[in-house]
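Participant: Can you keep this structure in mind? I'll have questions shortly.
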Amino acid sequence: MWQIAARTTTRFPSGPTRPNSVRFHREVGRTSSRSFSLHLMRRFLVIAAKTTLALLSLTGIGLLATSAWLVWHYGYSFGLPTEAQLAAVSPTGPACRTDPGRATIPLVDMSPLLRNAVIAYEQPDFYEAWSLNPIVEIVLALGTGRSPKPAGITQSVARCLLLLSAENDRQVDPIASIYFMQRVTRSLSRDRILEIYLNESYLGRSAFGVAAGAEIYFGKALADLEIGEIAFLMTRARWPFRTRTFDTRARDYGIDRMQTAGLISDTQAAAAKNRPLLLREAPGAQTRPVNE
């Protein structure tokens, strides 16, 4: 009797949850829910990855189509001077304008200070930068709203060389300008581009090129220009209009750029700014000191 009572009062030891217990059903439910959530997450990631790949593929196709259209439009139908026309440009003489009586000064005959000052002022990475990529520049301009990176020398020469094609008697759009600058940098050496810029940029007073500018503004040969006079001439290509109050400030700004680029010392810069800017009077102008 005692043994039977003992057996009936003995509890089962703790162990695995029995299949028919409430705890068992709760654990199974939680496991099923986790498995279902993981399954949904996997499906979501797979769908997201496929969608991303599809969008990237469509974007790539769109860019290729845009590139092909740009190459066709600006390379063949727009009328820009071709690479063959650019290659036929005289390697030593005038490139854009063939006015009689105007001499072309070889780049090697210009002072290093003049050449380097113009580069520092207009396009500091003129020699170091890679050729312009028109597609990259256009996409960046459209996507960020910024203008293409500064390329004063190359841009000026490209604008000048547009005259090689008789069809380009109109103002080209910015995209055509970017595309043509890339063609110019592919067809001409950087030295030749700089030489064209220095010989054919308009500096005001009907002067084209630094040699003509030196004569018209200072009555000097190019080799005899002082630091301040070089600084004045290199700013004149950007602002060729006449103004007396602006001349000295423009010269001083050019001197500052030369000093920042390490082309002249602080002492030379200060001395150049202290010298009077003596310009020859333009025909018909009233005679008076420039710095007043």
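Each chain in the structure tokens gets a letter, A, B, ..., in the order shown, and its residues are numbered from 1; ligands are numbered from 1 in order too.
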List as a PDB file with N, CA and C atoms, in the first residue's frame the protein and nucleic acid residues near Asn116 in chain A, meaning an atom at most 9 Å away when only C-alpha atoms are counted, but skip any in the same chain fewer than 4 places from it.
Facilitator:
```pdb
ATOM      1  N   SER A 111      59.349  84.524 -72.727  1.00  0.00           N
ATOM      2  CA  SER A 111      59.990  84.306 -71.432  1.00  0.00           C
ATOM      3  C   SER A 111      59.229  83.270 -70.611  1.00  0.00           C
ATOM      4  N   PRO A 112      59.935  82.424 -69.854  1.00  0.00           N
ATOM      5  CA  PRO A 112      59.253  81.455 -68.987  1.00  0.00           C
ATOM      6  C   PRO A 112      58.308  82.116 -68.000  1.00  0.00           C
ATOM      7  N   ALA A 120      49.267  80.065 -64.672  1.00  0.00           N
ATOM      8  CA  ALA A 120      48.831  80.200 -63.278  1.00  0.00           C
ATOM      9  C   ALA A 120      47.549  81.009 -63.179  1.00  0.00           C
ATOM     10  N   TYR A 121      47.373  81.959 -64.079  1.00  0.00           N
ATOM     11  CA  TYR A 121      46.196  82.830 -64.019  1.00  0.00           C
ATOM     12  C   TYR A 121      44.968  82.190 -64.666  1.00  0.00           C
ATOM     13  N   PRO A 124      45.616  76.613 -64.115  1.00  0.00           N
ATOM     14  CA  PRO A 124      46.790  76.106 -63.390  1.00  0.00           C
ATOM     15  C   PRO A 124      47.161  74.659 -63.706  1.00  0.00           C
ATOM     16  N   MET A 258      50.760  85.431 -59.544  1.00  0.00           N
ATOM     17  CA  MET A 258      52.140  85.050 -59.830  1.00  0.00           C
ATOM     18  C   MET A 258      52.886  84.738 -58.538  1.00  0.00           C
ATOM     19  N   ALA A 261      51.696  81.401 -57.034  1.00  0.00           N
ATOM     20  CA  ALA A 261      52.220  80.263 -57.800  1.00  0.00           C
ATOM     21  C   ALA A 261      53.720  80.078 -57.614  1.00  0.00           C
ATOM     22  N   LEU A 263      56.097  82.110 -58.689  1.00  0.00           N
ATOM     23  CA  LEU A 263      56.859  82.592 -59.837  1.00  0.00           C
ATOM     24  C   LEU A 263      57.701  83.811 -59.489  1.00  0.00           C
TER      25      LEU A 263
END
```
Participant: Under the rule that only C-alpha atoms are counted, which of A:Pro240, A:Gly254, A:Gly152, A:Gly209 is the nearest residue to Ala269 in chain A?
Facilitator: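 Nearest candidate to Ala269 in chain A out of A:Pro240, A:Gly254, A:Gly152, A:Gly209: A:Gly254.
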Participant: Here is a test: counting only C-alpha atoms, which residue of A:Thr52, A:Asn199, A:Thr59, A:Asn274 is nearest to Met234 in chain A?
Facilitator: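 Using only C-alpha atoms, Met234 in chain A sits closest to A:Asn199.
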Participant: Quick one: everything within 9 Å of Phe208 in chain A, counting only C-alpha atoms, minus sequence neighbours fewer than 6 positions away in the same chain. Send it as an MDAnalysis selection string.
Facilitator: chainID A and resid 102 198:202
Participant: At a cut-off of 10 Å, using only C-alpha atoms, what residues contact Gly213 in chain A? Leave out same-chain residues fewer than 3 positions from it and give the result as a ChimeraX atom specification.
Facilitator: /A:199,201-210,216-222,230,232-234,236-237
Participant: Restricting it to N, CA and C atoms, dump the selection as a short mmCIF file (atom, residue, chain, number, x, y, z; two decimals), in the first residue's frame.
Facilitator:
```cif
data_model
loop_
_atom_site.label_atom_id
_atom_site.label_comp_id
_atom_site.auth_asym_id
_atom_site.auth_seq_id
_atom_site.Cartn_x
_atom_site.Cartn_y
_atom_site.Cartn_z
N ASN A 199 49.41 84.04 -78.88
CA ASN A 199 49.56 84.81 -80.11
C ASN A 199 48.24 85.35 -80.67
N SER A 201 45.00 85.64 -78.71
CA SER A 201 43.97 86.14 -77.80
C SER A 201 43.79 87.64 -77.99
N TYR A 202 42.56 88.09 -77.92
CA TYR A 202 42.27 89.51 -78.08
C TYR A 202 42.49 90.21 -76.74
N LEU A 203 43.32 91.26 -76.74
CA LEU A 203 43.69 91.96 -75.52
C LEU A 203 43.17 93.40 -75.47
N GLY A 204 42.26 93.73 -76.35
CA GLY A 204 41.77 95.11 -76.40
C GLY A 204 42.62 95.98 -77.30
N ARG A 205 42.09 97.16 -77.64
CA ARG A 205 42.80 98.11 -78.51
C ARG A 205 43.22 97.49 -79.84
N SER A 206 42.42 96.56 -80.34
CA SER A 206 42.69 95.88 -81.62
C SER A 206 43.97 95.06 -81.58
N ALA A 207 44.42 94.67 -80.40
CA ALA A 207 45.65 93.89 -80.26
C ALA A 207 45.32 92.42 -80.11
N PHE A 208 45.87 91.60 -81.00
CA PHE A 208 45.73 90.16 -80.90
C PHE A 208 47.10 89.58 -80.54
N GLY A 209 47.20 88.95 -79.39
CA GLY A 209 48.45 88.34 -78.96
C GLY A 209 49.26 89.24 -78.06
N VAL A 210 50.13 88.61 -77.26
CA VAL A 210 50.89 89.35 -76.25
C VAL A 210 51.93 90.27 -76.88
N ILE A 216 51.28 97.93 -78.10
CA ILE A 216 50.17 98.89 -78.06
C ILE A 216 50.01 99.51 -76.68
N TYR A 217 50.17 98.72 -75.62
CA TYR A 217 49.95 99.24 -74.26
C TYR A 217 51.20 99.90 -73.66
N PHE A 218 52.40 99.36 -74.01
CA PHE A 218 53.61 99.84 -73.35
C PHE A 218 54.68 100.35 -74.30
N GLY A 219 54.51 100.15 -75.60
CA GLY A 219 55.52 100.57 -76.55
C GLY A 219 56.82 99.81 -76.38
N LYS A 220 56.72 98.54 -75.98
CA LYS A 220 57.92 97.73 -75.73
C LYS A 220 57.88 96.43 -76.52
N ALA A 221 59.07 95.84 -76.67
CA ALA A 221 59.14 94.49 -77.20
C ALA A 221 58.73 93.50 -76.10
N LEU A 222 58.29 92.34 -76.50
CA LEU A 222 57.79 91.35 -75.54
C LEU A 222 58.85 90.99 -74.50
N ILE A 230 53.64 92.32 -67.45
CA ILE A 230 53.21 90.96 -67.78
C ILE A 230 51.89 90.64 -67.08
N PHE A 232 49.60 92.69 -66.15
CA PHE A 232 48.51 93.44 -66.78
C PHE A 232 48.06 92.76 -68.06
N LEU A 233 49.01 92.37 -68.91
CA LEU A 233 48.64 91.77 -70.19
C LEU A 233 47.90 90.45 -70.01
N MET A 234 48.32 89.65 -69.02
CA MET A 234 47.68 88.33 -68.88
C MET A 234 46.25 88.46 -68.35
N ARG A 236 44.33 90.96 -69.39
CA ARG A 236 43.60 91.67 -70.44
C ARG A 236 42.84 90.71 -71.36
N ALA A 237 43.29 89.46 -71.47
CA ALA A 237 42.57 88.51 -72.31
C ALA A 237 41.19 88.21 -71.75
#
```
Participant: Quick one: residues within 12 Å of Ala272 in chain A, only C-alpha atoms, excluding same-chain residues fewer than 6 positions away - as a PyMOL selection string?
Facilitator: chain A and resi 225-232+248+251-256+258-259+264-266
Participant: Between A:Ser189, A:Gln155, A:Leu277, A:Ser165, single out the one closest to Arg238 in chain A, counting only C-alpha atoms.
Facilitator: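 Nearest to Arg238 in chain A: A:Gln155.
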Participant: So that I can see what lies close to Ala88 in chain A, please list as number ranges by chain the residues with an atom at most 12 Å from it, counting only C-alpha atoms and leaving out residues fewer than 6 positions away in the same chain.
Facilitator: A: 81-82, 94-96, 161, 164, 187-188
Participant: Go ahead and dump the residues you just picked, C-alpha atoms, as a PDB file, in the first residue's frame.
Facilitator:
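File out.pdb, as written:
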```pdb
ATOM      1  CA  PRO A  81      35.862  71.249 -87.154  1.00  0.00           C
ATOM      2  CA  THR A  82      37.081  67.698 -87.586  1.00  0.00           C
ATOM      3  CA  PRO A  94      48.653  81.599 -87.266  1.00  0.00           C
ATOM      4  CA  ALA A  95      45.997  79.022 -86.439  1.00  0.00           C
ATOM      5  CA  CYS A  96      42.701  80.908 -86.421  1.00  0.00           C
ATOM      6  CA  LEU A 161      39.495  77.204 -83.809  1.00  0.00           C
ATOM      7  CA  LEU A 164      38.053  76.642 -89.184  1.00  0.00           C
ATOM      8  CA  SER A 187      44.629  66.849 -81.866  1.00  0.00           C
ATOM      9  CA  LEU A 188      47.124  69.494 -80.714  1.00  0.00           C
TER      10      LEU A 188
END
```
Participant: Could you check how far CA of Met110 in chain A sits from CA of Phe180 in chain A, in Å to one decimal?
Facilitator: 27.4 Å
Participant: Provide the CA of Met181 in chain A to CA of Ala158 in chain A distance in Å, to one decimal place.
Facilitator: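 Separation of CA of Met181 in chain A and CA of Ala158 in chain A: 5.6 Å.
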